[in-house]
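Peer 1: Mind looking over this structure? Questions follow.
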Amino acid sequence: MDVKEDSPRQLLEQRRSSRSRLRGYPLLLWAAATFFVVVLAAIIEGIVSQSGQAFHHFGLSFLWSTSWNTVTNQYGAGAFILGTLVVTAIAMLIAVPVGRATASFLTEMCPRRIATPLGIGIDLIAAVPSIVIGLWGLYVLQPVFLRDVEPFMQKIPVIKFFFKGAAEGPSLFLAGFVLAIMIIPTMVALSRTALSGVGVLDREAAMALGATPWQVIRKVVVPGANSGILAAATLALGRALGETIAITFLIGNSTRIAHPFSLLNPGDTLGSIIVFNFGESEPGTLLRSSLLALAVILLVITLLVNIGGRLLVRKNRQFTLL
Amino acid sequence: MSTDLLEAPAPSPSGKDPAVAERRTMIQSSARHTLKRRRSVALAIRILFGTCTVLTLIPLIALIAYVTKRGIDAMSVAFFTHTPTPEGVSGGGISNAIVGSLIINGMALVIAMPFGLLVSLFLIERRGPIANAIRFGADLLSGLPSILIGLFAYSIVVVHTHFSAYSAAVALAVLMLPIIIRGDEEAMRTVPAELWEAGLALGARQSRVVRSVIVRGAIPGLVTANLLALARAVGETAPLLFTTIGSQIFSLSINQPMNALPIVIYQDGTTAFPQLQLDAWGSAFVLMLGVLVLSIVGRMFAARMTRKSR
């Protein structure tokens with residue numbers, strides 16, 4: 001009778017029939033997800049499709065050939081891969097230890113009242129656009145490097161072998177240094193997350209055994225956060241490899257590898273050469289195709305680094321859950 | 001039974017057992033012996049790491065101070081209201097770049113915000129390999145160099161049409177997408193599980209719960225994700241160089257090249273003319289201020305979110 005009409009079964013039936021009216025919603029979600037996959041595929045396709053000409057013309061030797069001559073139409077990626085690796089290596093050599101030490105200091109050795117605002121400040125600075133940092137590097141750091149820092153580096157034993165020749169201004173070293181300033185905030189922020197993920201009980205247990213703060217860090221916190229810090233370094237590496245615009249201000253745009261090799265030489269990275277030469281290249285030419293081939297190399301390198309970093313992050317997350 | 005344990009000689013805390021007492025004094029003396037060394041190592045490390053922190057902060061503070069100083073020198077009414085003038089002609093401004101940046105980023109956000117929300121809803125509602133793959137794809141996209149995204153927009157849009165503001169918006173939208181997707185998803189996951197369950201217990205369908213309870217509860221987090229995405233996109237230069245390429249005139253047509261703040265910095269910053277350099281510093285200051293305000297406001301929304309969920 002009346003009661004029967006309001007029974008749960010009845011309501012369920014009603015809902016089932018109303019579900020057909022709402023079929024648009026899951027469809028919309030599927031459409032969005034599919035379109036996102038299409039976008040990802042289009043990014044790869046858009047970059048890879050035009051590079052075929054260069055790879056076909058030069059073969060695999062494109063990867064290590066160091067000639068880049070727009071007159072004879074000879075192109076190779078060697079100089080730019082080397083430039084990218086050198087600049088990134090300088091940045092990582094500075095940013096990883098300094099970033100790690102800063103993160104440890106902020107999480108372990110510093111009163112919370114100071115650490116919290118400093119941490120937030122560093123997080124905010126990570127948001128400053130790279131072009132602003134590049135402009136500052138060009139006008140402020142370059143003169144300082146030319147006058148003081150680079151002559152000083154030439155006096156340090158061992159290190160001086162990397163600083164042969166006269167400083168001219170733009171250089172691989174300057175680009176790498178500014179890149180380090182750019183990725184340190186990333187490194188600090190991610191390392192702090194990893195370090196503060198180590199349990200309070202572990203720390204307290206170590207302190208109860210009489211460990212000094214440094215021993216707590218070295219024997220408990222760092223081993224516990226190791227994979228997280230490694231992930232932070234990998235993600236910072238990905239960012240360093242892909243950074244382009246600030247480097248175009250500082251690296252001096254030289255497509256040749258000078259002899260003898262010196263960090264004071266100008267150079268080019270995969271990204272900077274694309275920015276410098278793209279405007280001059282006509283669609284369909286070998287130059288344009290070679291530039292996109294460089295983009296493909298950059299794509300492959302950054303994808304590999306990021307896949308590694310993400311897998312580490314994932315592993316780390318599981319680790320902290322256990 | 002436990003009587004054995006009770007009656008056995010206790011591993012005496014009072015130190016009656018001579019062997020235990022001896023061992024304890026040994027430990028104590030060795031601890032005292034190493035304490036000085038351990039303390040001094042700890043102090044040295046503390047100083048070293050503190051120095052590293054200062055070294056991290058010095059360039060960052062110097063950067064902000066210098067950009068602010070040079071930027072304030074560039075500030076004037078004309079700077080905000082006039083279009084660029086040729087070298088040597090004074091009274092130029094960057095009004096077209098400010099408006100251009102606003103329009104391009106606004107368009108990008110209009111594309112990326114709903115699209116990102118839908119994809120993140122998909123990630124919330126479905127579990128399994130497809131959702132995981134999309135999440136992984138978003139993570140990889142966020143690590144992709146922005147220059148590659150610029151090249152993508154160039155070869156998908158510009159090659160078939162011409163340089164235009166909307167092609168730049170497409171590039172920046174793609175740049176924003178992964179940040180919005182992951183940020184939205186994270187925000188919705190922080191909505192307490194009790195609310196999910198309460199909604200389901202009322203007999204609502206999962207999708208209904210997601211829309212009426214989860215999305216609504218996560219609104220501060222969604223705002224944060226979108227603001228942080230905007231803050232990242234506003235300062236990007238490389239994608240703009242391949243798409244909107246800059247312009248000297250005031251243009252509101254999204255079908256034409258438009259000027260933008262990063263392009264002013266890129267082009268004027270490397271000229272030899274002091275007046276154009278001043279424009280570059282002014283633009284850098286405006287851009288930096290905008291990005292910092294966006295990030296701070298975004299964080300405030302995020303803080304509100306965490307307070308609420310407690």
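Labeling convention for the structure tokens: chains A, B, ... as they appear, residues from 1 per chain, ligands from 1 in order of appearance.
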Using only C-alpha atoms and a distance of at most 8 Å, pull out the residues of chain A that contact chain B, as a PDB file with N, CA and C atoms, in the first residue's frame.

Peer 2:
```
ATOM      1  N   LEU A  28      31.721  12.822 -18.660  1.00  0.00           N
ATOM      2  CA  LEU A  28      32.525  14.036 -18.675  1.00  0.00           C
ATOM      3  C   LEU A  28      33.903  13.763 -18.075  1.00  0.00           C
ATOM      4  N   LEU A  29      33.915  13.015 -16.955  1.00  0.00           N
ATOM      5  CA  LEU A  29      35.192  12.701 -16.315  1.00  0.00           C
ATOM      6  C   LEU A  29      36.077  11.878 -17.245  1.00  0.00           C
ATOM      7  N   TRP A  30      35.467  10.878 -17.871  1.00  0.00           N
ATOM      8  CA  TRP A  30      36.246  10.056 -18.802  1.00  0.00           C
ATOM      9  C   TRP A  30      36.770  10.911 -19.951  1.00  0.00           C
ATOM     10  N   ALA A  32      37.481  14.092 -19.892  1.00  0.00           N
ATOM     11  CA  ALA A  32      38.594  14.919 -19.422  1.00  0.00           C
ATOM     12  C   ALA A  32      39.863  14.093 -19.315  1.00  0.00           C
ATOM     13  N   ALA A  33      39.736  12.881 -18.729  1.00  0.00           N
ATOM     14  CA  ALA A  33      40.911  12.032 -18.558  1.00  0.00           C
ATOM     15  C   ALA A  33      41.503  11.663 -19.913  1.00  0.00           C
ATOM     16  N   PHE A  36      43.282  14.556 -21.459  1.00  0.00           N
ATOM     17  CA  PHE A  36      44.575  14.808 -20.819  1.00  0.00           C
ATOM     18  C   PHE A  36      45.643  13.887 -21.408  1.00  0.00           C
ATOM     19  N   VAL A  37      45.273  12.620 -21.613  1.00  0.00           N
ATOM     20  CA  VAL A  37      46.222  11.689 -22.222  1.00  0.00           C
ATOM     21  C   VAL A  37      46.563  12.144 -23.640  1.00  0.00           C
ATOM     22  N   LEU A  40      49.101  14.864 -23.451  1.00  0.00           N
ATOM     23  CA  LEU A  40      50.447  14.324 -23.194  1.00  0.00           C
ATOM     24  C   LEU A  40      51.047  13.758 -24.475  1.00  0.00           C
ATOM     25  N   ALA A  42      50.221  14.573 -27.491  1.00  0.00           N
ATOM     26  CA  ALA A  42      50.452  15.651 -28.450  1.00  0.00           C
ATOM     27  C   ALA A  42      51.745  16.393 -28.144  1.00  0.00           C
ATOM     28  N   ILE A  43      52.084  16.514 -26.858  1.00  0.00           N
ATOM     29  CA  ILE A  43      53.338  17.199 -26.498  1.00  0.00           C
ATOM     30  C   ILE A  43      54.512  16.438 -27.094  1.00  0.00           C
ATOM     31  N   ILE A  44      54.495  15.111 -26.882  1.00  0.00           N
ATOM     32  CA  ILE A  44      55.594  14.309 -27.405  1.00  0.00           C
ATOM     33  C   ILE A  44      55.602  14.341 -28.931  1.00  0.00           C
ATOM     34  N   GLY A  46      54.323  16.622 -30.922  1.00  0.00           N
ATOM     35  CA  GLY A  46      54.669  17.947 -31.438  1.00  0.00           C
ATOM     36  C   GLY A  46      56.161  18.204 -31.451  1.00  0.00           C
ATOM     37  N   ILE A  47      56.867  17.634 -30.470  1.00  0.00           N
ATOM     38  CA  ILE A  47      58.314  17.863 -30.398  1.00  0.00           C
ATOM     39  C   ILE A  47      59.059  16.874 -31.288  1.00  0.00           C
ATOM     40  N   VAL A  98      74.817  22.265   0.076  1.00  0.00           N
ATOM     41  CA  VAL A  98      74.336  23.459   0.775  1.00  0.00           C
ATOM     42  C   VAL A  98      72.852  23.303   1.128  1.00  0.00           C
ATOM     43  N   GLY A  99      72.078  22.799   0.173  1.00  0.00           N
ATOM     44  CA  GLY A  99      70.647  22.628   0.420  1.00  0.00           C
ATOM     45  C   GLY A  99      70.390  21.628   1.533  1.00  0.00           C
ATOM     46  N   ALA A 101      72.476  20.794   3.983  1.00  0.00           N
ATOM     47  CA  ALA A 101      72.905  21.349   5.262  1.00  0.00           C
ATOM     48  C   ALA A 101      71.872  22.353   5.773  1.00  0.00           C
ATOM     49  N   THR A 102      71.367  23.185   4.866  1.00  0.00           N
ATOM     50  CA  THR A 102      70.370  24.173   5.280  1.00  0.00           C
ATOM     51  C   THR A 102      69.113  23.490   5.791  1.00  0.00           C
ATOM     52  N   SER A 104      68.875  20.483   7.073  1.00  0.00           N
ATOM     53  CA  SER A 104      69.156  19.865   8.373  1.00  0.00           C
ATOM     54  C   SER A 104      69.168  20.906   9.470  1.00  0.00           C
ATOM     55  N   PHE A 105      69.803  22.053   9.171  1.00  0.00           N
ATOM     56  CA  PHE A 105      69.878  23.106  10.183  1.00  0.00           C
ATOM     57  C   PHE A 105      68.477  23.575  10.560  1.00  0.00           C
ATOM     58  N   MET A 109      68.504  21.819  14.086  1.00  0.00           N
ATOM     59  CA  MET A 109      69.434  22.515  14.987  1.00  0.00           C
ATOM     60  C   MET A 109      69.012  23.918  15.332  1.00  0.00           C
ATOM     61  N   ILE A 122      62.089  30.733   2.377  1.00  0.00           N
ATOM     62  CA  ILE A 122      62.790  30.011   1.311  1.00  0.00           C
ATOM     63  C   ILE A 122      61.788  29.401   0.334  1.00  0.00           C
ATOM     64  N   LEU A 124      58.922  30.664  -0.411  1.00  0.00           N
ATOM     65  CA  LEU A 124      58.410  31.749  -1.243  1.00  0.00           C
ATOM     66  C   LEU A 124      59.419  32.131  -2.320  1.00  0.00           C
ATOM     67  N   ILE A 125      60.697  32.132  -1.927  1.00  0.00           N
ATOM     68  CA  ILE A 125      61.714  32.534  -2.897  1.00  0.00           C
ATOM     69  C   ILE A 125      61.788  31.525  -4.040  1.00  0.00           C
ATOM     70  N   ALA A 127      59.495  30.588  -5.606  1.00  0.00           N
ATOM     71  CA  ALA A 127      58.511  30.990  -6.599  1.00  0.00           C
ATOM     72  C   ALA A 127      58.985  32.157  -7.461  1.00  0.00           C
ATOM     73  N   VAL A 128      60.085  32.811  -7.092  1.00  0.00           N
ATOM     74  CA  VAL A 128      60.560  33.947  -7.895  1.00  0.00           C
ATOM     75  C   VAL A 128      60.897  33.458  -9.301  1.00  0.00           C
ATOM     76  N   PRO A 129      60.359  34.118 -10.329  1.00  0.00           N
ATOM     77  CA  PRO A 129      60.573  33.639 -11.699  1.00  0.00           C
ATOM     78  C   PRO A 129      62.050  33.597 -12.058  1.00  0.00           C
ATOM     79  N   SER A 130      62.423  32.573 -12.822  1.00  0.00           N
ATOM     80  CA  SER A 130      63.835  32.381 -13.126  1.00  0.00           C
ATOM     81  C   SER A 130      64.389  33.543 -13.943  1.00  0.00           C
ATOM     82  N   ILE A 131      63.541  34.195 -14.728  1.00  0.00           N
ATOM     83  CA  ILE A 131      64.084  35.290 -15.548  1.00  0.00           C
ATOM     84  C   ILE A 131      64.538  36.449 -14.668  1.00  0.00           C
ATOM     85  N   VAL A 132      63.856  36.655 -13.540  1.00  0.00           N
ATOM     86  CA  VAL A 132      64.267  37.721 -12.619  1.00  0.00           C
ATOM     87  C   VAL A 132      65.626  37.380 -12.018  1.00  0.00           C
ATOM     88  N   ILE A 133      65.807  36.105 -11.657  1.00  0.00           N
ATOM     89  CA  ILE A 133      67.100  35.677 -11.116  1.00  0.00           C
ATOM     90  C   ILE A 133      68.194  35.816 -12.172  1.00  0.00           C
ATOM     91  N   LEU A 135      68.274  37.983 -14.659  1.00  0.00           N
ATOM     92  CA  LEU A 135      68.573  39.411 -14.838  1.00  0.00           C
ATOM     93  C   LEU A 135      69.506  39.896 -13.726  1.00  0.00           C
ATOM     94  N   TRP A 136      69.202  39.464 -12.505  1.00  0.00           N
ATOM     95  CA  TRP A 136      70.035  39.844 -11.361  1.00  0.00           C
ATOM     96  C   TRP A 136      71.441  39.276 -11.532  1.00  0.00           C
ATOM     97  N   ILE A 181      71.748  28.776  -7.298  1.00  0.00           N
ATOM     98  CA  ILE A 181      70.907  29.650  -6.474  1.00  0.00           C
ATOM     99  C   ILE A 181      69.432  29.366  -6.749  1.00  0.00           C
ATOM    100  N   ILE A 184      68.457  25.756  -5.155  1.00  0.00           N
ATOM    101  CA  ILE A 184      68.626  25.535  -3.708  1.00  0.00           C
ATOM    102  C   ILE A 184      67.284  25.588  -2.963  1.00  0.00           C
ATOM    103  N   THR A 212      74.354  13.470  20.701  1.00  0.00           N
ATOM    104  CA  THR A 212      74.289  14.916  20.497  1.00  0.00           C
ATOM    105  C   THR A 212      73.404  15.173  19.265  1.00  0.00           C
ATOM    106  N   PRO A 213      72.944  16.421  19.107  1.00  0.00           N
ATOM    107  CA  PRO A 213      72.076  16.705  17.953  1.00  0.00           C
ATOM    108  C   PRO A 213      72.679  16.228  16.641  1.00  0.00           C
ATOM    109  N   TRP A 214      73.991  16.430  16.482  1.00  0.00           N
ATOM    110  CA  TRP A 214      74.624  16.019  15.235  1.00  0.00           C
ATOM    111  C   TRP A 214      74.583  14.496  15.083  1.00  0.00           C
ATOM    112  N   GLN A 215      74.787  13.784  16.202  1.00  0.00           N
ATOM    113  CA  GLN A 215      74.724  12.318  16.102  1.00  0.00           C
ATOM    114  C   GLN A 215      73.310  11.852  15.772  1.00  0.00           C
ATOM    115  N   LEU A 235      64.781  15.498  -8.274  1.00  0.00           N
ATOM    116  CA  LEU A 235      63.822  16.455  -8.807  1.00  0.00           C
ATOM    117  C   LEU A 235      64.490  17.803  -9.052  1.00  0.00           C
ATOM    118  N   GLY A 238      66.257  17.515 -12.257  1.00  0.00           N
ATOM    119  CA  GLY A 238      65.344  17.677 -13.382  1.00  0.00           C
ATOM    120  C   GLY A 238      65.083  19.140 -13.671  1.00  0.00           C
ATOM    121  N   ARG A 239      64.920  19.915 -12.613  1.00  0.00           N
ATOM    122  CA  ARG A 239      64.659  21.335 -12.793  1.00  0.00           C
ATOM    123  C   ARG A 239      65.887  22.035 -13.379  1.00  0.00           C
ATOM    124  N   LEU A 241      68.251  20.738 -15.247  1.00  0.00           N
ATOM    125  CA  LEU A 241      68.472  20.362 -16.646  1.00  0.00           C
ATOM    126  C   LEU A 241      67.571  21.147 -17.580  1.00  0.00           C
ATOM    127  N   GLY A 242      66.365  21.443 -17.126  1.00  0.00           N
ATOM    128  CA  GLY A 242      65.403  22.074 -18.019  1.00  0.00           C
ATOM    129  C   GLY A 242      65.409  23.582 -17.985  1.00  0.00           C
ATOM    130  N   GLU A 243      66.111  24.163 -17.018  1.00  0.00           N
ATOM    131  CA  GLU A 243      66.093  25.618 -16.895  1.00  0.00           C
ATOM    132  C   GLU A 243      66.780  26.254 -18.112  1.00  0.00           C
ATOM    133  N   THR A 244      66.151  27.250 -18.689  1.00  0.00           N
ATOM    134  CA  THR A 244      66.674  27.785 -19.938  1.00  0.00           C
ATOM    135  C   THR A 244      66.934  29.280 -19.901  1.00  0.00           C
ATOM    136  N   ILE A 245      65.914  30.035 -19.504  1.00  0.00           N
ATOM    137  CA  ILE A 245      65.943  31.465 -19.792  1.00  0.00           C
ATOM    138  C   ILE A 245      67.033  32.182 -19.022  1.00  0.00           C
ATOM    139  N   PHE A 249      70.962  34.338 -20.393  1.00  0.00           N
ATOM    140  CA  PHE A 249      71.564  35.621 -20.009  1.00  0.00           C
ATOM    141  C   PHE A 249      73.038  35.478 -19.652  1.00  0.00           C
ATOM    142  N   GLY A 271      68.880  23.885 -24.014  1.00  0.00           N
ATOM    143  CA  GLY A 271      67.788  24.859 -24.009  1.00  0.00           C
ATOM    144  C   GLY A 271      68.207  26.194 -24.606  1.00  0.00           C
ATOM    145  N   VAL A 275      66.672  28.550 -27.846  1.00  0.00           N
ATOM    146  CA  VAL A 275      66.152  29.914 -27.735  1.00  0.00           C
ATOM    147  C   VAL A 275      66.915  30.850 -28.663  1.00  0.00           C
ATOM    148  N   ALA A 295      65.697  19.358 -28.815  1.00  0.00           N
ATOM    149  CA  ALA A 295      64.576  19.331 -27.873  1.00  0.00           C
ATOM    150  C   ALA A 295      64.217  17.894 -27.506  1.00  0.00           C
ATOM    151  N   LEU A 299      64.123  16.321 -23.936  1.00  0.00           N
ATOM    152  CA  LEU A 299      62.913  15.632 -23.478  1.00  0.00           C
ATOM    153  C   LEU A 299      63.259  14.278 -22.871  1.00  0.00           C
ATOM    154  N   THR A 302      65.235  14.682 -19.472  1.00  0.00           N
ATOM    155  CA  THR A 302      64.429  15.124 -18.328  1.00  0.00           C
ATOM    156  C   THR A 302      63.381  14.074 -17.968  1.00  0.00           C
ATOM    157  N   LEU A 303      62.833  13.379 -18.972  1.00  0.00           N
ATOM    158  CA  LEU A 303      61.851  12.337 -18.648  1.00  0.00           C
ATOM    159  C   LEU A 303      62.496  11.248 -17.807  1.00  0.00           C
ATOM    160  N   ASN A 306      63.133  12.520 -14.308  1.00  0.00           N
ATOM    161  CA  ASN A 306      61.902  12.690 -13.541  1.00  0.00           C
ATOM    162  C   ASN A 306      61.243  11.364 -13.184  1.00  0.00           C
ATOM    163  N   ILE A 307      61.319  10.401 -14.123  1.00  0.00           N
ATOM    164  CA  ILE A 307      60.763   9.086 -13.800  1.00  0.00           C
ATOM    165  C   ILE A 307      61.516   8.501 -12.610  1.00  0.00           C
ATOM    166  N   ARG A 310      60.443  10.409  -9.434  1.00  0.00           N
ATOM    167  CA  ARG A 310      59.094  10.069  -8.973  1.00  0.00           C
ATOM    168  C   ARG A 310      59.049   8.677  -8.352  1.00  0.00           C
TER     169      ARG A 310
END
```

Peer 1: Name the residues of range 38-227 of chain B that come out as alpha helix (DSSP H) in a backbone DSSP run; write them as an mmCIF file with C-alpha atoms, in the first residue's frame.

Peer 2:
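Now in part.cif:
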```
data_model
loop_
_atom_site.group_PDB
_atom_site.id
_atom_site.type_symbol
_atom_site.label_atom_id
_atom_site.label_comp_id
_atom_site.auth_asym_id
_atom_site.auth_seq_id
_atom_site.Cartn_x
_atom_site.Cartn_y
_atom_site.Cartn_z
ATOM 1 C CA ARG B 38 81.095 14.726 20.770
ATOM 2 C CA ARG B 39 79.999 18.145 22.012
ATOM 3 C CA SER B 40 82.708 19.954 20.079
ATOM 4 C CA VAL B 41 81.936 17.992 16.892
ATOM 5 C CA ALA B 42 78.276 18.874 17.343
ATOM 6 C CA LEU B 43 79.151 22.533 17.788
ATOM 7 C CA ALA B 44 81.409 22.538 14.727
ATOM 8 C CA ILE B 45 78.709 20.930 12.612
ATOM 9 C CA ARG B 46 76.162 23.344 13.934
ATOM 10 C CA ILE B 47 78.333 26.289 12.939
ATOM 11 C CA LEU B 48 79.039 24.742 9.525
ATOM 12 C CA PHE B 49 75.381 24.093 8.769
ATOM 13 C CA GLY B 50 74.381 27.488 10.132
ATOM 14 C CA THR B 51 76.900 29.048 7.761
ATOM 15 C CA CYS B 52 75.362 27.085 4.897
ATOM 16 C CA THR B 53 71.954 28.441 5.852
ATOM 17 C CA VAL B 54 73.318 31.976 5.855
ATOM 18 C CA LEU B 55 75.007 31.301 2.495
ATOM 19 C CA THR B 56 71.655 30.142 1.149
ATOM 20 C CA LEU B 57 69.890 33.218 2.418
ATOM 21 C CA ILE B 58 72.417 35.875 1.376
ATOM 22 C CA PRO B 59 71.981 35.641 -2.408
ATOM 23 C CA LEU B 60 68.237 35.236 -2.060
ATOM 24 C CA ILE B 61 67.867 38.322 0.131
ATOM 25 C CA ALA B 62 70.342 40.265 -2.004
ATOM 26 C CA LEU B 63 68.329 39.338 -5.082
ATOM 27 C CA ILE B 64 65.043 40.566 -3.660
ATOM 28 C CA ALA B 65 66.601 43.734 -2.245
ATOM 29 C CA TYR B 66 68.349 44.609 -5.494
ATOM 30 C CA VAL B 67 65.314 43.978 -7.713
ATOM 31 C CA THR B 68 63.195 46.057 -5.338
ATOM 32 C CA LYS B 69 65.690 48.930 -5.333
ATOM 33 C CA ARG B 70 66.080 49.048 -9.126
ATOM 34 C CA GLY B 71 62.364 48.426 -9.608
ATOM 35 C CA ILE B 72 61.274 51.316 -7.414
ATOM 36 C CA ASP B 73 63.564 53.603 -9.454
ATOM 37 C CA ALA B 74 61.542 52.619 -12.515
ATOM 38 C CA VAL B 77 52.668 56.841 -13.580
ATOM 39 C CA ALA B 78 53.822 56.652 -17.196
ATOM 40 C CA PHE B 79 55.414 53.268 -16.492
ATOM 41 C CA PHE B 80 51.975 51.799 -15.865
ATOM 42 C CA THR B 81 49.950 53.812 -18.403
ATOM 43 C CA SER B 95 51.102 49.061 -19.913
ATOM 44 C CA ASN B 96 50.774 46.703 -22.874
ATOM 45 C CA ALA B 97 52.925 44.096 -21.140
ATOM 46 C CA ILE B 98 50.948 44.243 -17.886
ATOM 47 C CA VAL B 99 47.620 43.958 -19.706
ATOM 48 C CA GLY B 100 49.074 41.281 -21.988
ATOM 49 C CA SER B 101 50.309 39.192 -19.062
ATOM 50 C CA LEU B 102 46.908 39.507 -17.375
ATOM 51 C CA ILE B 103 44.992 38.485 -20.512
ATOM 52 C CA ILE B 104 47.271 35.587 -21.476
ATOM 53 C CA ASN B 105 47.390 34.144 -17.972
ATOM 54 C CA GLY B 106 43.676 34.757 -17.464
ATOM 55 C CA MET B 107 42.895 32.785 -20.618
ATOM 56 C CA ALA B 108 45.270 30.021 -19.579
ATOM 57 C CA LEU B 109 43.596 29.781 -16.165
ATOM 58 C CA VAL B 110 40.125 29.720 -17.738
ATOM 59 C CA ILE B 111 41.242 26.698 -19.786
ATOM 60 C CA ALA B 112 43.233 24.908 -17.103
ATOM 61 C CA MET B 113 40.992 25.408 -14.047
ATOM 62 C CA PRO B 114 37.897 23.431 -15.130
ATOM 63 C CA PHE B 115 39.923 20.903 -17.107
ATOM 64 C CA GLY B 116 42.257 20.305 -14.182
ATOM 65 C CA LEU B 117 39.341 19.965 -11.769
ATOM 66 C CA LEU B 118 37.663 17.355 -13.974
ATOM 67 C CA VAL B 119 40.848 15.302 -14.287
ATOM 68 C CA SER B 120 41.404 15.474 -10.517
ATOM 69 C CA LEU B 121 37.790 14.394 -9.942
ATOM 70 C CA PHE B 122 38.533 11.440 -12.176
ATOM 71 C CA LEU B 123 41.548 10.623 -10.008
ATOM 72 C CA ILE B 124 39.426 10.893 -6.858
ATOM 73 C CA GLU B 125 36.573 8.750 -8.129
ATOM 74 C CA PRO B 129 45.937 1.460 -13.219
ATOM 75 C CA ILE B 130 44.327 4.130 -15.406
ATOM 76 C CA ALA B 131 44.123 6.653 -12.577
ATOM 77 C CA ASN B 132 47.685 5.795 -11.513
ATOM 78 C CA ALA B 133 48.960 6.253 -15.047
ATOM 79 C CA ILE B 134 47.274 9.653 -15.340
ATOM 80 C CA ARG B 135 48.702 10.707 -11.988
ATOM 81 C CA PHE B 136 52.164 9.643 -13.110
ATOM 82 C CA GLY B 137 51.672 11.495 -16.392
ATOM 83 C CA ALA B 138 50.750 14.678 -14.509
ATOM 84 C CA ASP B 139 53.857 14.323 -12.338
ATOM 85 C CA LEU B 140 56.066 13.918 -15.384
ATOM 86 C CA LEU B 141 54.405 16.861 -17.120
ATOM 87 C CA SER B 142 55.154 19.083 -14.137
ATOM 88 C CA SER B 146 58.901 24.918 -19.982
ATOM 89 C CA ILE B 147 60.817 25.440 -23.213
ATOM 90 C CA LEU B 148 59.505 22.089 -24.451
ATOM 91 C CA ILE B 149 55.945 23.139 -23.664
ATOM 92 C CA GLY B 150 56.583 26.310 -25.662
ATOM 93 C CA LEU B 151 57.821 24.230 -28.601
ATOM 94 C CA PHE B 152 54.720 22.041 -28.291
ATOM 95 C CA ALA B 153 52.383 25.052 -28.475
ATOM 96 C CA TYR B 154 54.409 26.343 -31.392
ATOM 97 C CA SER B 155 54.135 23.165 -33.414
ATOM 98 C CA ILE B 156 50.486 22.493 -32.532
ATOM 99 C CA ALA B 165 48.233 35.587 -27.604
ATOM 100 C CA TYR B 166 45.980 32.547 -27.506
ATOM 101 C CA SER B 167 48.766 30.190 -28.549
ATOM 102 C CA ALA B 168 50.667 31.469 -25.491
ATOM 103 C CA ALA B 169 47.577 30.824 -23.376
ATOM 104 C CA VAL B 170 47.532 27.221 -24.626
ATOM 105 C CA ALA B 171 51.178 26.786 -23.622
ATOM 106 C CA LEU B 172 50.660 28.282 -20.164
ATOM 107 C CA ALA B 173 47.482 26.248 -19.639
ATOM 108 C CA VAL B 174 49.454 23.056 -20.278
ATOM 109 C CA LEU B 175 52.061 24.321 -17.823
ATOM 110 C CA MET B 176 49.410 24.963 -15.162
ATOM 111 C CA LEU B 177 47.573 21.671 -15.678
ATOM 112 C CA PRO B 178 49.748 19.269 -13.669
ATOM 113 C CA ILE B 179 49.978 21.702 -10.731
ATOM 114 C CA ILE B 180 46.199 22.145 -10.695
ATOM 115 C CA ILE B 181 45.466 18.431 -11.122
ATOM 116 C CA ARG B 182 47.739 17.310 -8.311
ATOM 117 C CA GLY B 183 46.893 20.257 -6.066
ATOM 118 C CA ASP B 184 43.137 19.769 -6.503
ATOM 119 C CA GLU B 185 43.438 16.065 -5.834
ATOM 120 C CA GLU B 186 45.525 16.636 -2.711
ATOM 121 C CA ALA B 187 43.030 19.244 -1.469
ATOM 122 C CA MET B 188 40.071 16.907 -1.952
ATOM 123 C CA ARG B 189 41.880 14.067 -0.207
ATOM 124 C CA ALA B 193 36.728 10.667 5.702
ATOM 125 C CA GLU B 194 33.767 11.138 8.079
ATOM 126 C CA LEU B 195 32.214 13.549 5.599
ATOM 127 C CA TRP B 196 32.520 11.000 2.806
ATOM 128 C CA GLU B 197 30.929 8.377 5.000
ATOM 129 C CA ALA B 198 28.191 10.701 6.252
ATOM 130 C CA GLY B 199 27.294 11.580 2.681
ATOM 131 C CA LEU B 200 27.230 7.938 1.616
ATOM 132 C CA ALA B 201 25.204 7.014 4.717
ATOM 133 C CA GLN B 206 29.488 8.577 -4.698
ATOM 134 C CA SER B 207 29.574 11.148 -7.476
ATOM 135 C CA ARG B 208 26.957 13.216 -5.649
ATOM 136 C CA VAL B 209 29.017 13.102 -2.438
ATOM 137 C CA VAL B 215 34.529 19.699 -3.748
ATOM 138 C CA ARG B 216 32.776 22.179 -1.505
ATOM 139 C CA GLY B 217 34.846 21.213 1.516
ATOM 140 C CA ILE B 219 37.434 24.936 -1.933
ATOM 141 C CA PRO B 220 40.293 26.688 -0.055
ATOM 142 C CA GLY B 221 42.663 23.971 -1.261
ATOM 143 C CA LEU B 222 41.385 24.291 -4.806
ATOM 144 C CA VAL B 223 42.001 28.052 -4.658
ATOM 145 C CA THR B 224 45.544 27.389 -3.427
ATOM 146 C CA ALA B 225 46.287 24.968 -6.252
ATOM 147 C CA ASN B 226 45.040 27.396 -8.879
ATOM 148 C CA LEU B 227 46.875 30.369 -7.400
#
```

Peer 1: So how many Å separate CA of Leu141 in chain A and CA of Ala236 in chain A, to one decimal?

Peer 2: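 We find that CA of Leu141 in chain A and CA of Ala236 in chain A lie 22.1 Å from each other.
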
Peer 1: Between A:Val39, A:Arg288, A:Met182, A:Val221, single out the one closest to Leu201 in chain A, counting only C-alpha atoms.

Peer 2: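 Checking each candidate against Leu201 in chain A, we get A:Val221 as the closest.
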